[in-house]
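Enquirer: The structure is given below, and queries will be raised subsequently.
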Amino acid sequence: IPLYELDRTPGFGNLSLVYVPRSTDDKLRNRSFERLHEIVGILRSHEGCPWDREQTHTSIRKNFIEETYEAIEALDADDPDGMREEFGDVILQVMLHSQMEEEVGSFSVYDVIESLNEKLLFRHPHVFGDQVANDSGEALQNWEQMKAEEKRRKGINPGELSQLDGIPPDLPGLMKAYKLQKKAAKVGFDWDDIQPVLGKIEEELGE
């Protein structure tokens, strides 16, 4: 019977047992994260794909970067179909790298998800805790405070770190420069207009 008819069925009550048989519909299974985890595990197994089985973190490292750029291209084009496909390719990179670690017993993709969930809960005390954020600026401030608290709990004193720490060394030049300047601006190393900047460039060029 349809689910909405349950409470209209004679004899239905708090002692009734509802049995929902397992679905073998591939369309439903293929929408589940568990199925994705299963497929990636099979691909990496001895009975799986020879190419997938041979890959290492290093051999497919560049693929992660390429797939990310393709996802960004779909975002910039405001292309929902492209986003759906490219986001999947990015997730596949996470799945493959996590599967490699699962095979040696380091962690699984479920540990990755657990860490992410805990981070999101911890860094949003204005949503999941008792703090308040009236605008995005206060929300970002909370995020940074909780991020610093995470470091302290790991035995790292945020005050001893360089203001420029946390920039991935392999970023493209312009992106790396942007992130460095963004961090520098947080401690007042910035200009209000372009003329002093141009003057500084001319000075450095002269030297």
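Every chain in the structure tokens has a letter given in the order shown (A, B, ...), and although residue numbers restart at 1 in each chain, ligands are simply numbered from 1 in the order shown.
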Using DSSP on the backbone, list every residue of segment 28-127 of chain A that comes out as alpha helix (DSSP H), and give them as a ChimeraX atom specification.
Expert: /A:28-29,33-44,50-54,61-76,80-104,109-122,125-127
Enquirer: Considering only C-alpha atoms, give me a table of residues in segment 98-190 of chain A that are at most 12 Å from segment 31-43 of chain A, with the closest atom pair and distance in Å for each, as a tab-separated table.
Expert:
```
residue	atom	partner	partner_atom	distance
A:Ser98	CA	A:His37	CA	9.8
A:Gln99	CA	A:Gly41	CA	6.7
A:Met100	CA	A:Gly41	CA	9.2
A:Glu101	CA	A:Gly41	CA	11.4
A:Glu102	CA	A:Gly41	CA	9.4
A:Glu103	CA	A:Gly41	CA	9.0
A:Ser108	CA	A:His37	CA	9.7
A:Val109	CA	A:His37	CA	8.1
A:Tyr110	CA	A:His37	CA	9.4
A:Ile113	CA	A:Phe33	CA	11.2
```
Enquirer: Can you pull out the residues contacting segment 166-171 of chain A? Cut-off 12 Å, using only C-alpha atoms, and skip same-chain residues under 2 positions away; I want them as an MDAnalysis selection string.
Expert: chainID A and resid 61:62 65 158 161:164 173:184
Enquirer: For the selection you just gave me, I'd like the residues written to a file as a PDB file, in the first residue's frame, keeping C-alpha atoms.
Expert:
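Result file again08.pdb:
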```
ATOM      1  CA  ARG A  61      48.405  14.342  -8.453  1.00  0.00           C
ATOM      2  CA  LYS A  62      48.168  16.485 -11.582  1.00  0.00           C
ATOM      3  CA  ILE A  65      44.583  20.075 -10.296  1.00  0.00           C
ATOM      4  CA  PRO A 158      49.087  30.609  16.590  1.00  0.00           C
ATOM      5  CA  LEU A 161      53.353  31.283  13.409  1.00  0.00           C
ATOM      6  CA  SER A 162      54.271  33.634  10.603  1.00  0.00           C
ATOM      7  CA  GLN A 163      51.427  35.787   9.311  1.00  0.00           C
ATOM      8  CA  LEU A 164      52.184  34.324   5.880  1.00  0.00           C
ATOM      9  CA  GLY A 173      52.111  32.707  -9.312  1.00  0.00           C
ATOM     10  CA  LEU A 174      49.223  35.182  -9.436  1.00  0.00           C
ATOM     11  CA  MET A 175      47.080  33.190  -7.015  1.00  0.00           C
ATOM     12  CA  LYS A 176      50.007  32.835  -4.621  1.00  0.00           C
ATOM     13  CA  ALA A 177      50.676  36.584  -4.784  1.00  0.00           C
ATOM     14  CA  TYR A 178      47.002  37.329  -4.161  1.00  0.00           C
ATOM     15  CA  LYS A 179      46.883  35.080  -1.085  1.00  0.00           C
ATOM     16  CA  LEU A 180      50.110  36.540   0.301  1.00  0.00           C
ATOM     17  CA  GLN A 181      48.788  40.085  -0.122  1.00  0.00           C
ATOM     18  CA  LYS A 182      45.448  39.124   1.434  1.00  0.00           C
ATOM     19  CA  LYS A 183      47.225  37.808   4.525  1.00  0.00           C
ATOM     20  CA  ALA A 184      49.500  40.855   4.651  1.00  0.00           C
TER      21      ALA A 184
END
```
Enquirer: Could you pull the residues within 6 Å of segment 84-96 of chain A, counting only C-alpha atoms, minus those fewer than 3 positions along the same chain, as an mmCIF file with N, CA, C and O atoms, in the first residue's frame?
Expert:
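And here is the file that came out, selection08.cif:
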```
data_model
loop_
_atom_site.group_PDB
_atom_site.id
_atom_site.type_symbol
_atom_site.label_atom_id
_atom_site.label_comp_id
_atom_site.auth_asym_id
_atom_site.auth_seq_id
_atom_site.Cartn_x
_atom_site.Cartn_y
_atom_site.Cartn_z
ATOM 1 N N PHE A 64 44.172 15.927 -10.107
ATOM 2 C CA PHE A 64 43.396 16.679 -9.122
ATOM 3 C C PHE A 64 43.342 18.151 -9.523
ATOM 4 O O PHE A 64 42.284 18.791 -9.507
ATOM 5 N N GLU A 67 41.264 18.591 -12.872
ATOM 6 C CA GLU A 67 39.823 18.450 -12.670
ATOM 7 C C GLU A 67 39.255 19.656 -11.925
ATOM 8 O O GLU A 67 38.132 20.091 -12.188
ATOM 9 N N ALA A 71 36.327 22.193 -13.219
ATOM 10 C CA ALA A 71 35.144 22.529 -12.417
ATOM 11 C C ALA A 71 34.973 24.040 -12.326
ATOM 12 O O ALA A 71 33.849 24.560 -12.420
ATOM 13 N N ASP A 81 24.927 21.620 -16.185
ATOM 14 C CA ASP A 81 25.281 20.272 -16.649
ATOM 15 C C ASP A 81 26.777 20.033 -16.520
ATOM 16 O O ASP A 81 27.224 18.960 -16.098
ATOM 17 N N GLN A 99 40.899 6.024 -1.062
ATOM 18 C CA GLN A 99 40.928 4.569 -1.212
ATOM 19 C C GLN A 99 42.355 4.037 -1.076
ATOM 20 O O GLN A 99 42.582 2.991 -0.462
#
```
